[in-house]
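Okay, model-v8.csv is below, CSV, C-alpha atoms:
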```csv
chain,number,residue,atom,x,y,z
A,2,MET,CA,141.4,220.2,198.1
A,3,ASP,CA,138.7,220.3,195.4
A,4,LEU,CA,140.5,221.4,192.2
A,5,LEU,CA,137.3,221.9,190.2
A,6,LYS,CA,134.8,223.7,192.3
A,7,GLU,CA,131.1,223.3,191.7
A,8,ASP,CA,130.7,226.9,190.4
A,9,ASP,CA,133.3,226.3,187.7
A,10,GLU,CA,130.9,224.2,185.7
A,11,LEU,CA,131.9,225.5,182.3
A,12,PHE,CA,135.6,224.9,183.1
A,13,ARG,CA,134.8,221.4,184.2
A,14,LEU,CA,132.7,220.6,181.1
A,15,THR,CA,135.5,222.0,178.9
A,16,ILE,CA,138.2,219.8,180.6
A,17,GLU,CA,135.9,216.7,180.5
A,18,ALA,CA,135.2,217.2,176.8
A,19,ALA,CA,138.8,217.8,175.8
A,20,PRO,CA,140.1,215.3,173.1
A,21,ALA,CA,143.4,214.9,174.9
A,22,ALA,CA,143.9,213.1,178.2
A,23,ILE,CA,144.3,215.7,181.0
A,24,ILE,CA,145.9,214.8,184.3
A,25,VAL,CA,146.6,217.1,187.2
A,26,ALA,CA,149.3,216.0,189.7
A,27,ASP,CA,150.8,217.5,192.8
A,28,VAL,CA,154.4,218.1,193.8
A,29,GLU,CA,154.5,214.6,195.4
A,30,GLY,CA,153.6,213.0,192.1
A,31,ARG,CA,150.0,212.0,193.1
A,32,ILE,CA,147.2,212.3,190.6
A,33,ARG,CA,144.6,214.8,191.8
A,34,PHE,CA,142.4,214.9,188.7
A,35,ALA,CA,141.9,213.0,185.5
A,36,ASN,CA,139.4,213.8,182.7
A,37,ALA,CA,137.2,211.4,180.7
A,38,GLU,CA,139.8,211.0,177.9
A,39,ALA,CA,142.4,210.0,180.5
A,40,VAL,CA,140.1,207.3,181.8
A,41,ARG,CA,139.6,206.0,178.2
A,42,VAL,CA,143.3,206.2,177.2
A,43,PHE,CA,144.7,204.6,180.3
A,44,GLY,CA,141.9,202.1,181.1
A,45,TYR,CA,141.4,203.1,184.7
A,46,GLU,CA,138.2,204.4,186.3
A,47,ALA,CA,138.4,208.0,187.4
A,48,THR,CA,138.2,207.0,191.1
A,49,GLU,CA,141.2,204.7,190.5
A,50,LEU,CA,143.3,207.3,188.9
A,51,VAL,CA,142.8,210.0,191.6
A,52,GLY,CA,145.3,209.4,194.3
A,53,MET,CA,147.4,207.0,192.2
A,54,PRO,CA,151.1,207.7,191.8
A,55,LEU,CA,151.7,209.4,188.4
A,56,ASN,CA,154.6,207.0,188.0
A,57,SER,CA,152.1,204.2,187.6
A,58,LEU,CA,151.4,205.5,184.1
A,59,ILE,CA,155.1,205.4,183.1
A,60,PRO,CA,156.9,202.2,181.9
A,61,GLN,CA,158.6,200.4,184.8
A,62,ASN,CA,162.2,201.0,183.4
A,63,LEU,CA,161.6,204.8,183.2
A,64,ARG,CA,160.0,205.4,186.6
A,65,ASN,CA,163.2,206.4,188.5
A,66,HIS,CA,164.1,208.8,185.7
A,67,HIS,CA,160.6,210.2,185.6
A,68,THR,CA,160.7,210.9,189.3
A,69,GLN,CA,163.8,213.0,188.9
A,70,LEU,CA,162.2,214.9,186.0
A,71,HIS,CA,159.1,215.5,188.1
A,72,ARG,CA,161.2,217.1,190.8
A,73,ASP,CA,163.1,219.2,188.3
A,74,PHE,CA,159.9,220.5,186.9
A,75,PHE,CA,158.7,221.8,190.3
A,76,ARG,CA,162.0,223.5,190.9
A,77,ASN,CA,161.5,225.6,187.8
A,78,PRO,CA,157.8,225.3,186.8
A,79,SER,CA,157.2,226.4,183.2
A,80,LYS,CA,155.2,225.4,180.1
A,81,ARG,CA,157.1,222.7,178.1
A,82,ALA,CA,156.5,220.0,175.6
A,83,MET,CA,157.7,216.5,175.9
A,84,GLY,CA,158.0,213.7,173.3
A,85,LEU,CA,158.3,215.8,170.2
A,86,GLY,CA,160.7,213.9,167.9
A,87,ARG,CA,161.4,211.4,170.7
A,88,ASP,CA,160.1,207.9,171.6
A,89,LEU,CA,158.2,208.9,174.7
A,90,ARG,CA,155.9,206.2,176.0
A,91,ALA,CA,153.2,205.7,178.6
A,92,VAL,CA,151.6,202.5,179.9
A,93,ARG,CA,147.9,201.5,180.1
A,94,ARG,CA,146.2,199.4,182.7
A,95,GLY,CA,147.5,195.8,182.0
A,96,GLY,CA,151.0,197.0,181.0
A,97,THR,CA,150.6,197.8,177.3
A,98,GLU,CA,152.9,200.6,176.3
A,99,PHE,CA,152.0,203.2,173.7
A,100,PRO,CA,153.7,206.3,172.3
A,101,VAL,CA,152.7,209.7,173.6
A,102,GLU,CA,153.3,213.4,173.3
A,103,ILE,CA,152.9,215.4,176.5
A,104,GLY,CA,152.5,219.1,177.3
A,105,LEU,CA,153.2,220.3,180.8
A,106,THR,CA,151.7,223.4,182.3
A,107,PRO,CA,152.2,224.6,185.9
A,108,ILE,CA,149.1,225.7,187.9
A,109,GLU,CA,149.6,228.0,190.8
A,110,THR,CA,147.1,228.3,193.6
A,111,VAL,CA,147.3,230.2,196.8
A,112,SER,CA,148.6,227.2,198.7
A,113,GLU,CA,150.0,224.7,196.2
A,114,THR,CA,151.6,224.3,192.8
A,115,PHE,CA,150.3,221.6,190.5
A,116,VAL,CA,151.3,220.3,187.0
A,117,LEU,CA,148.7,219.9,184.4
A,118,ALA,CA,149.8,217.2,181.9
A,119,THR,CA,148.1,217.0,178.5
A,120,VAL,CA,148.7,213.5,177.1
A,121,LEU,CA,148.2,212.7,173.4
A,122,ASP,CA,148.1,209.1,172.4
A,123,ILE,CA,149.9,209.1,169.0
A,124,SER,CA,149.7,205.4,168.3
A,125,ALA,CA,147.6,206.0,165.1
A,126,ARG,CA,150.1,208.6,163.9
A,127,ARG,CA,153.1,206.3,164.5
A,128,GLU,CA,151.3,203.5,162.7
A,129,ALA,CA,150.6,205.8,159.8
A,130,GLU,CA,154.2,207.0,159.8
A,131,ALA,CA,155.5,203.4,159.9
A,132,ALA,CA,153.1,202.4,157.0
A,133,LEU,CA,154.4,205.4,155.0
A,134,ALA,CA,158.0,204.4,155.7
A,135,ARG,CA,157.3,200.8,154.7
A,136,ARG,CA,155.6,202.0,151.5
A,137,ALA,CA,158.5,204.3,150.7
A,138,SER,CA,161.0,201.4,151.2
A,139,GLU,CA,158.8,199.1,149.2
A,140,LEU,CA,158.6,201.6,146.3
A,141,GLU,CA,162.4,202.1,146.4
A,142,ARG,CA,162.8,198.3,146.2
A,143,ALA,CA,160.2,198.2,143.4
A,144,ASN,CA,162.0,200.9,141.4
A,145,GLU,CA,165.3,199.0,141.8
A,146,ARG,CA,163.6,195.8,140.6
A,147,LEU,CA,161.9,197.5,137.7
A,148,ALA,CA,165.1,199.0,136.5
A,149,GLN,CA,166.8,195.6,136.7
A,150,PHE,CA,163.6,194.1,135.2
A,151,ALA,CA,163.8,196.4,132.2
A,152,TYR,CA,167.4,195.7,131.5
A,153,VAL,CA,167.3,191.9,131.9
A,154,ALA,CA,163.9,191.5,130.2
A,155,SER,CA,165.1,193.2,127.1
A,156,HIS,CA,168.2,191.1,127.1
A,157,ASP,CA,166.4,187.8,127.7
A,158,LEU,CA,163.7,188.5,125.2
A,159,GLN,CA,166.2,189.2,122.5
A,160,GLU,CA,167.2,185.5,122.4
A,161,PRO,CA,163.9,184.0,121.2
A,162,LEU,CA,163.1,187.0,119.0
A,163,ARG,CA,166.5,186.8,117.3
A,164,LYS,CA,165.9,183.1,116.6
A,165,ILE,CA,162.5,183.8,115.2
A,166,ALA,CA,163.9,186.5,112.8
A,167,ALA,CA,166.8,184.3,111.8
A,168,PHE,CA,164.8,181.2,111.1
A,169,ALA,CA,162.1,183.1,109.3
A,170,ASP,CA,164.8,184.0,106.8
A,171,PHE,CA,165.9,180.3,106.9
A,172,LEU,CA,162.3,179.2,106.2
A,173,ASP,CA,162.1,181.5,103.2
A,174,GLN,CA,165.3,179.9,101.8
A,175,ALA,CA,164.0,176.4,102.5
A,176,ILE,CA,160.7,177.2,100.7
A,177,GLU,CA,162.6,178.5,97.7
A,178,LYS,CA,164.5,175.2,97.6
A,179,SER,CA,161.4,173.1,98.3
A,180,ASP,CA,163.4,171.5,101.1
A,181,ARG,CA,160.7,170.0,103.3
A,182,GLY,CA,163.2,168.9,105.9
A,183,GLU,CA,164.7,172.4,106.4
A,184,MET,CA,161.2,173.8,106.4
A,185,SER,CA,160.1,171.5,109.2
A,186,ARG,CA,163.3,172.4,111.2
A,187,ALA,CA,162.8,176.1,110.8
A,188,LYS,CA,159.1,175.8,111.7
A,189,ASP,CA,160.0,173.9,114.9
A,190,VAL,CA,162.6,176.5,115.9
A,191,ILE,CA,160.3,179.4,115.3
A,192,ARG,CA,157.5,177.7,117.2
A,193,SER,CA,159.7,176.8,120.2
A,194,SER,CA,161.2,180.4,120.2
A,195,ALA,CA,157.7,181.9,120.1
A,196,LEU,CA,156.5,179.8,123.0
A,197,ARG,CA,159.7,180.7,124.9
A,198,ALA,CA,159.0,184.4,124.3
A,199,ARG,CA,155.4,184.0,125.4
A,200,GLU,CA,156.5,182.2,128.5
A,201,LEU,CA,158.9,185.0,129.3
A,202,VAL,CA,156.3,187.7,128.7
A,203,ASP,CA,153.7,185.8,130.9
A,204,ASP,CA,156.2,185.5,133.8
A,205,LEU,CA,157.3,189.1,133.4
A,206,LEU,CA,153.8,190.3,133.6
A,207,PHE,CA,153.2,188.2,136.7
A,208,TYR,CA,156.4,189.5,138.2
A,209,SER,CA,155.3,193.0,137.5
A,210,ARG,CA,152.0,192.4,139.2
A,211,THR,CA,153.7,191.2,142.3
A,212,ILE,CA,155.5,194.5,142.4
A,213,ASN,CA,152.7,196.9,141.5
A,214,ASP,CA,149.3,195.3,142.4
A,215,VAL,CA,147.5,196.2,145.6
A,216,VAL,CA,148.1,193.6,148.2
A,217,THR,CA,144.9,192.5,150.0
A,218,PHE,CA,145.5,191.2,153.5
A,219,ASP,CA,143.2,188.6,154.9
A,220,ALA,CA,143.3,186.7,158.1
A,221,LEU,CA,144.4,183.2,157.0
A,222,ASP,CA,145.2,179.8,158.6
A,223,LEU,CA,148.8,178.9,157.8
A,224,ARG,CA,148.3,175.1,157.7
A,225,ASP,CA,145.2,175.4,155.5
A,226,GLU,CA,146.7,177.8,153.1
A,227,ILE,CA,149.8,175.7,152.5
A,228,ASN,CA,147.6,172.7,151.9
A,229,LEU,CA,145.5,174.7,149.4
A,230,ALA,CA,148.7,175.7,147.6
A,231,LEU,CA,149.8,172.1,147.4
A,232,GLU,CA,146.5,171.0,146.0
A,233,ASP,CA,147.1,173.2,143.0
A,234,LEU,CA,150.4,171.3,142.5
A,235,SER,CA,148.8,167.9,142.9
A,236,GLN,CA,149.3,166.9,139.2
A,237,LEU,CA,153.0,167.8,139.2
A,238,ILE,CA,153.5,166.0,142.6
A,239,SER,CA,151.7,162.9,141.3
A,240,GLU,CA,153.5,162.9,137.9
A,241,THR,CA,156.9,163.2,139.5
A,242,GLY,CA,156.1,160.9,142.5
A,243,SER,CA,157.3,163.6,144.9
A,244,GLU,CA,156.7,163.4,148.6
A,245,ILE,CA,155.5,166.6,150.4
A,246,ASP,CA,155.2,166.5,154.2
A,247,ASN,CA,153.4,169.6,155.5
A,248,ARG,CA,153.9,169.9,159.3
A,249,ALA,CA,152.7,173.5,159.5
A,250,PRO,CA,150.5,174.1,162.6
A,251,HIS,CA,147.2,176.1,162.6
A,252,LEU,CA,148.5,179.6,163.0
A,253,LYS,CA,146.6,182.7,162.1
A,254,PHE,CA,148.5,185.2,159.9
A,255,GLU,CA,147.7,188.0,157.5
A,256,ALA,CA,148.5,187.7,153.8
A,257,ASP,CA,147.2,188.1,150.3
A,258,ARG,CA,145.8,184.6,149.7
A,259,MET,CA,146.8,184.4,146.0
A,260,GLN,CA,150.3,185.8,146.5
A,261,PHE,CA,151.0,183.5,149.4
A,262,ALA,CA,149.8,180.5,147.3
A,263,SER,CA,152.1,181.6,144.5
A,264,LEU,CA,155.0,182.0,147.0
A,265,MET,CA,154.6,178.4,148.3
A,266,GLN,CA,154.0,176.9,144.9
A,267,ASN,CA,157.1,178.4,143.3
A,268,ILE,CA,159.3,177.2,146.2
A,269,VAL,CA,157.9,173.7,146.2
A,270,SER,CA,157.8,173.3,142.4
A,271,ASN,CA,161.4,174.6,142.4
A,272,ALA,CA,162.4,171.8,144.8
A,273,ILE,CA,160.7,169.3,142.6
A,274,LYS,CA,162.4,170.5,139.5
A,275,TYR,CA,165.8,170.5,141.0
A,276,ARG,CA,165.6,167.0,142.4
A,277,LYS,CA,168.5,164.6,142.1
A,278,PRO,CA,168.4,162.4,138.9
A,279,GLY,CA,166.8,159.0,139.7
A,280,GLU,CA,165.7,160.1,143.2
A,281,THR,CA,162.3,161.0,144.6
A,282,ALA,CA,161.9,164.7,145.5
A,283,LYS,CA,161.1,165.0,149.2
A,284,VAL,CA,160.0,168.3,150.6
A,285,LEU,CA,159.4,168.9,154.4
A,286,ILE,CA,157.6,172.0,155.5
A,287,LEU,CA,158.2,173.1,159.2
A,288,VAL,CA,157.2,176.1,161.2
A,289,ASP,CA,159.1,177.4,164.2
A,290,PRO,CA,157.8,180.1,166.6
A,291,LEU,CA,159.8,183.3,166.9
A,292,GLU,CA,160.0,185.9,169.7
A,293,GLU,CA,157.4,188.7,169.7
A,294,GLY,CA,154.8,186.4,168.1
A,295,GLY,CA,156.3,185.7,164.7
A,296,ALA,CA,157.0,182.5,162.9
A,297,ARG,CA,159.6,181.0,160.5
A,298,ILE,CA,158.5,178.6,157.7
A,299,SER,CA,161.2,176.2,156.6
A,300,ILE,CA,160.8,174.4,153.3
A,301,VAL,CA,163.5,171.7,153.2
A,302,ASP,CA,164.3,169.6,150.1
A,303,ASN,CA,166.7,166.8,149.2
A,304,GLY,CA,167.6,168.2,145.8
A,305,ILE,CA,170.8,168.9,144.0
A,306,GLY,CA,171.5,172.1,146.0
A,307,PHE,CA,174.0,174.8,145.0
A,308,GLU,CA,177.0,176.7,146.5
A,309,THR,CA,176.3,179.2,149.2
A,310,LYS,CA,177.8,182.1,147.2
A,311,TYR,CA,174.7,182.0,145.0
A,312,ALA,CA,172.2,182.3,147.8
A,313,THR,CA,171.4,185.9,147.0
A,314,MET,CA,171.7,185.7,143.2
A,315,VAL,CA,169.0,183.0,142.8
A,316,PHE,CA,166.3,185.6,143.8
A,317,GLU,CA,167.3,188.0,141.0
A,318,PRO,CA,165.2,187.9,137.8
A,319,PHE,CA,166.5,185.6,135.1
A,320,LYS,CA,169.5,184.5,137.1
A,321,ARG,CA,170.0,180.8,136.4
A,322,LEU,CA,172.6,178.3,137.8
A,323,HIS,CA,171.8,175.7,135.1
A,324,SER,CA,171.1,175.6,131.4
A,325,ASN,CA,167.6,175.9,130.1
A,326,ALA,CA,168.0,172.7,128.2
A,327,LYS,CA,168.7,170.7,131.4
A,328,TYR,CA,166.3,172.6,133.7
A,329,PRO,CA,163.7,174.4,131.6
A,330,GLY,CA,162.2,177.7,132.9
A,331,THR,CA,162.4,181.4,132.7
A,332,GLY,CA,164.5,181.9,135.8
A,333,ILE,CA,162.0,184.3,137.4
A,334,GLY,CA,160.1,182.0,139.8
A,335,LEU,CA,162.3,182.8,142.9
A,336,ALA,CA,162.3,186.5,142.0
A,337,ILE,CA,158.5,186.4,142.2
A,338,CYS,CA,158.8,184.8,145.6
A,339,LYS,CA,161.2,187.5,146.8
A,340,SER,CA,158.9,190.2,145.6
A,341,ILE,CA,155.9,188.7,147.3
A,342,ALA,CA,157.8,188.3,150.6
A,343,ASP,CA,159.0,191.9,150.4
A,344,ARG,CA,155.4,193.2,149.7
A,345,HIS,CA,154.3,191.4,152.9
A,346,GLY,CA,157.1,192.7,155.1
A,347,TRP,CA,158.6,189.2,155.4
A,348,SER,CA,162.1,188.0,154.8
A,349,LEU,CA,163.0,185.2,152.4
A,350,SER,CA,166.4,183.5,152.5
A,351,ILE,CA,167.9,180.2,151.5
A,352,GLU,CA,170.7,177.9,152.7
A,353,SER,CA,172.1,175.2,150.5
A,354,GLU,CA,175.1,172.9,149.7
A,355,PRO,CA,175.8,171.1,146.5
A,356,GLY,CA,174.3,167.6,146.7
A,357,LYS,CA,172.7,168.3,150.0
A,358,GLY,CA,169.5,170.0,149.0
A,359,ALA,CA,168.3,173.4,150.0
A,360,THR,CA,166.2,175.0,152.7
A,361,PHE,CA,164.1,178.1,152.1
A,362,PHE,CA,163.2,180.3,155.1
A,363,ILE,CA,160.1,182.6,155.1
A,364,THR,CA,160.2,184.7,158.2
A,365,ILE,CA,156.9,186.3,159.3
A,366,PRO,CA,157.7,188.9,162.0
A,367,ARG,CA,154.3,188.9,163.6
A,368,LEU,CA,151.3,186.6,163.4
A,369,THR,CA,147.7,187.7,163.9
A,370,ASN,CA,146.7,188.1,167.6
A,371,GLY,CA,145.0,185.1,169.0
A,372,SER,CA,146.8,182.5,166.8
A,373,ARG,CA,146.3,179.0,167.9
A,374,GLN,CA,149.7,177.5,168.2
A,375,GLU,CA,150.5,173.8,168.0
A,376,GLU,CA,153.6,171.7,168.3
A,377,PRO,CA,155.5,172.9,165.2
A,378,ARG,CA,157.1,169.5,164.5
A,379,ALA,CA,154.3,167.2,165.2
A,380,LYS,CA,154.0,164.9,162.2
A,381,ASP,CA,150.6,164.3,160.6
A,382,PRO,CA,150.8,161.5,158.0
A,383,GLY,CA,147.5,162.7,156.5
A,384,ASP,CA,149.3,165.9,155.3
A,385,LYS,CA,151.4,164.0,152.7
A,386,ALA,CA,150.5,165.1,149.2
```
Show the structure stored in the file as structure tokens.
Amino acid sequence: MDLLKEDDELFRLTIEAAPAAIIVADVEGRIRFANAEAVRVFGYEATELVGMPLNSLIPQNLRNHHTQLHRDFFRNPSKRAMGLGRDLRAVRRGGTEFPVEIGLTPIETVSETFVLATVLDISARREAEAALARRASELERANERLAQFAYVASHDLQEPLRKIAAFADFLDQAIEKSDRGEMSRAKDVIRSSALRARELVDDLLFYSRTINDVVTFDALDLRDEINLALEDLSQLISETGSEIDNRAPHLKFEADRMQFASLMQNIVSNAIKYRKPGETAKVLILVDPLEEGGARISIVDNGIGFETKYATMVFEPFKRLHSNAKYPGTGIGLAICKSIADRHGWSLSIESEPGKGATFFITIPRLTNGSRQEEPRAKDPGDKA
């Protein structure tokens, strides 16, 4: 039966020009007509679609259920919408699934009843919704951090500022007494406190930028980017005699280049700083593939380590497990790392034991399509920094 007769040219042109995929199927579930958008969406030629079982466009695990729904429709034909507020999916040629919304309309002819299915590919909408959800979650985390940031920053900045004010008075007294020794001591304390305050402000500003700045995603090579990050640490690595073994493979991933470099540098420099006294810091960088095309970066060190109960706290701003005198720093480096990982949609975690070093894990859920994967644990001596 010719569903679109030659004298119905306007109707045919209207159906062909429709922005939605339109498919007409009979009571047996055979496709009798498909418009140009259906051809584009599903990836079949029109001649292939006509005569094909409608079930061929349904994911394999849903076909039996769809057959029953198809029968139910013809028992009581009526206009109805499918997929609204649900995860309804169709499948393209090649097996790729995608989210859809479907409208069903019965068509009555003298001899037969057909179903006209209007199929909307809502992949772009779902991606936009997911992006908005991620952004909302990101903003919620950012607000939490900024609240914590404001409280802790004001508290930590009070220490050097209090010292500056106190020793400024002490300096006045020393000047009145012409005590050069006390003058020198006051000057040294004021200077070190001012430098400490400046260091805190600089780190706070950088931390704030990791929360608020726009993240620019570029297609990068994992091995190359880690090597570039390590090059910027070459002086520290050389001065401390540290050994860095980068075994990361050439994997394509998307990240903000500057932020990824900062993430890697903070973790590696942290491993170098917390090395065991009298021992060489050794850092091993490994990458393991994950299901669904992701990867997990492991940064393993042989440092002093810490108790597992602190594994979450170390990522909070200004949280320190050791005194500033023994291990200088602002205590914000790992908080910066956590912020960067969150902005990228990655997870950052750590495992450690006292005296047995620590292992940082950066989990990238999905790599760029077409990544060139190599043996993740193949050693390349030329990568030692």
Need the shell around range 197-205 of chain A: protein/DNA/RNA residues with any atom at most 7 Å away, counting only C-alpha atoms. Skip same-chain ones fewer than 2 positions apart. Format as a compact mmCIF listing (two decimals) with C-alpha atoms, in the coordinates of the input?
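Saved file out-v9.txt follows:
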```txt
# COMPACT_ATOMS: atom_id res chain seq x y z
CA LEU A 158 163.70 188.50 125.20
CA PRO A 161 163.90 184.00 121.20
CA SER A 193 159.70 176.80 120.20
CA SER A 194 161.20 180.40 120.20
CA ALA A 195 157.70 181.90 120.10
CA PHE A 207 153.20 188.20 136.70
CA TYR A 208 156.40 189.50 138.20
CA SER A 209 155.30 193.00 137.50
CA THR A 331 162.40 181.40 132.70
CA ILE A 333 162.00 184.30 137.40
```
(message) Would you compute the distance between CA of Glu38 in chain A and CA of Phe74 in chain A? Give it in Å to one decimal.
(response) 24.0 Å
(message) Set the distance at 7 Å and use all atoms listed in the file: which residues neighbour Met53 in chain A once local chain neighbours fewer than 3 positions away are removed? I'd like the list as a PyMOL selection string.
(response) chain A and resi 31-32+49-50
(request) Figure out the distance between CA of Pro100 in chain A and CA of Pro60 in chain A, please, to one decimal in Å. (result) 10.9 Å
(request) Quick one: pull the distance between CA of Arg126 in chain A and CA of Thr211 in chain A, Å, one decimal. (result)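 Between CA of Arg126 in chain A and CA of Thr211 in chain A the gap is 28.0 Å.
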(message) Using only C-alpha atoms, can you tell me which of A:Arg76, A:Lys253, A:Arg367, A:Arg192 comes closest to Ala220 in chain A?
(response)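 Checking each candidate against Ala220 in chain A, we get A:Lys253 as the closest.
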(message) I want to know what sits within 8 Å of range 183-187 of chain A, based on all atoms listed in the file, with residues of the same chain fewer than 5 positions away left out; could you give that as a VMD selection string?
(response) chain A and resid 168 to 169 171 to 172 175 to 176
Resulting file, chosen residues, C-alpha atoms, as a short mmCIF file (atom, residue, chain, number, x, y, z; two decimals), in the frame of the given file:
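The result, written out as out31.cif:
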```cif
data_model
loop_
_atom_site.label_atom_id
_atom_site.label_comp_id
_atom_site.auth_asym_id
_atom_site.auth_seq_id
_atom_site.Cartn_x
_atom_site.Cartn_y
_atom_site.Cartn_z
CA PHE A 168 164.80 181.20 111.10
CA ALA A 169 162.10 183.10 109.30
CA PHE A 171 165.90 180.30 106.90
CA LEU A 172 162.30 179.20 106.20
CA ALA A 175 164.00 176.40 102.50
CA ILE A 176 160.70 177.20 100.70
#
```
(request) Tell me which protein, DNA and RNA residues are within 10 Å of Leu291 in chain A, counting all atoms listed in the file, leaving out same-chain ones fewer than 4 positions away, and put them as an NGL selection string. (result) :A and (295-297 or 364-368)
Atoms kept (C-alpha atoms) for selection, written as a PDB file, keeping the file's coordinate frame:
```
ATOM      1  CA  GLY A 295     156.300 185.700 164.700  1.00  0.00           C
ATOM      2  CA  ALA A 296     157.000 182.500 162.900  1.00  0.00           C
ATOM      3  CA  ARG A 297     159.600 181.000 160.500  1.00  0.00           C
ATOM      4  CA  THR A 364     160.200 184.700 158.200  1.00  0.00           C
ATOM      5  CA  ILE A 365     156.900 186.300 159.300  1.00  0.00           C
ATOM      6  CA  PRO A 366     157.700 188.900 162.000  1.00  0.00           C
ATOM      7  CA  ARG A 367     154.300 188.900 163.600  1.00  0.00           C
ATOM      8  CA  LEU A 368     151.300 186.600 163.400  1.00  0.00           C
TER       9      LEU A 368
END
```
(request) Excluding Asp122 in chain A and any residue of its chain fewer than 2 positions from it, enumerate the residues within 8 Å of it, using only C-alpha atoms, and give them as a VMD selection string. (result) chain A and resid 21 42 99 to 102 120 124 to 125
(request) Please write as number ranges by chain the list of polymer residues whose atoms come within 6 Å of (165.2, 170.3, 143.3), counting all atoms listed in the file and keeping to the coordinates of the file. (result) A: 271-276, 304-305
(message) Could you check the closest approach to Arg136 in chain A for each of A:Asn228, A:Ala26, A:Ser57, A:Val215 and tell me which residue wins, using only C-alpha atoms?
(response)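 Distance minimum relative to Arg136 in chain A lands on A:Val215.
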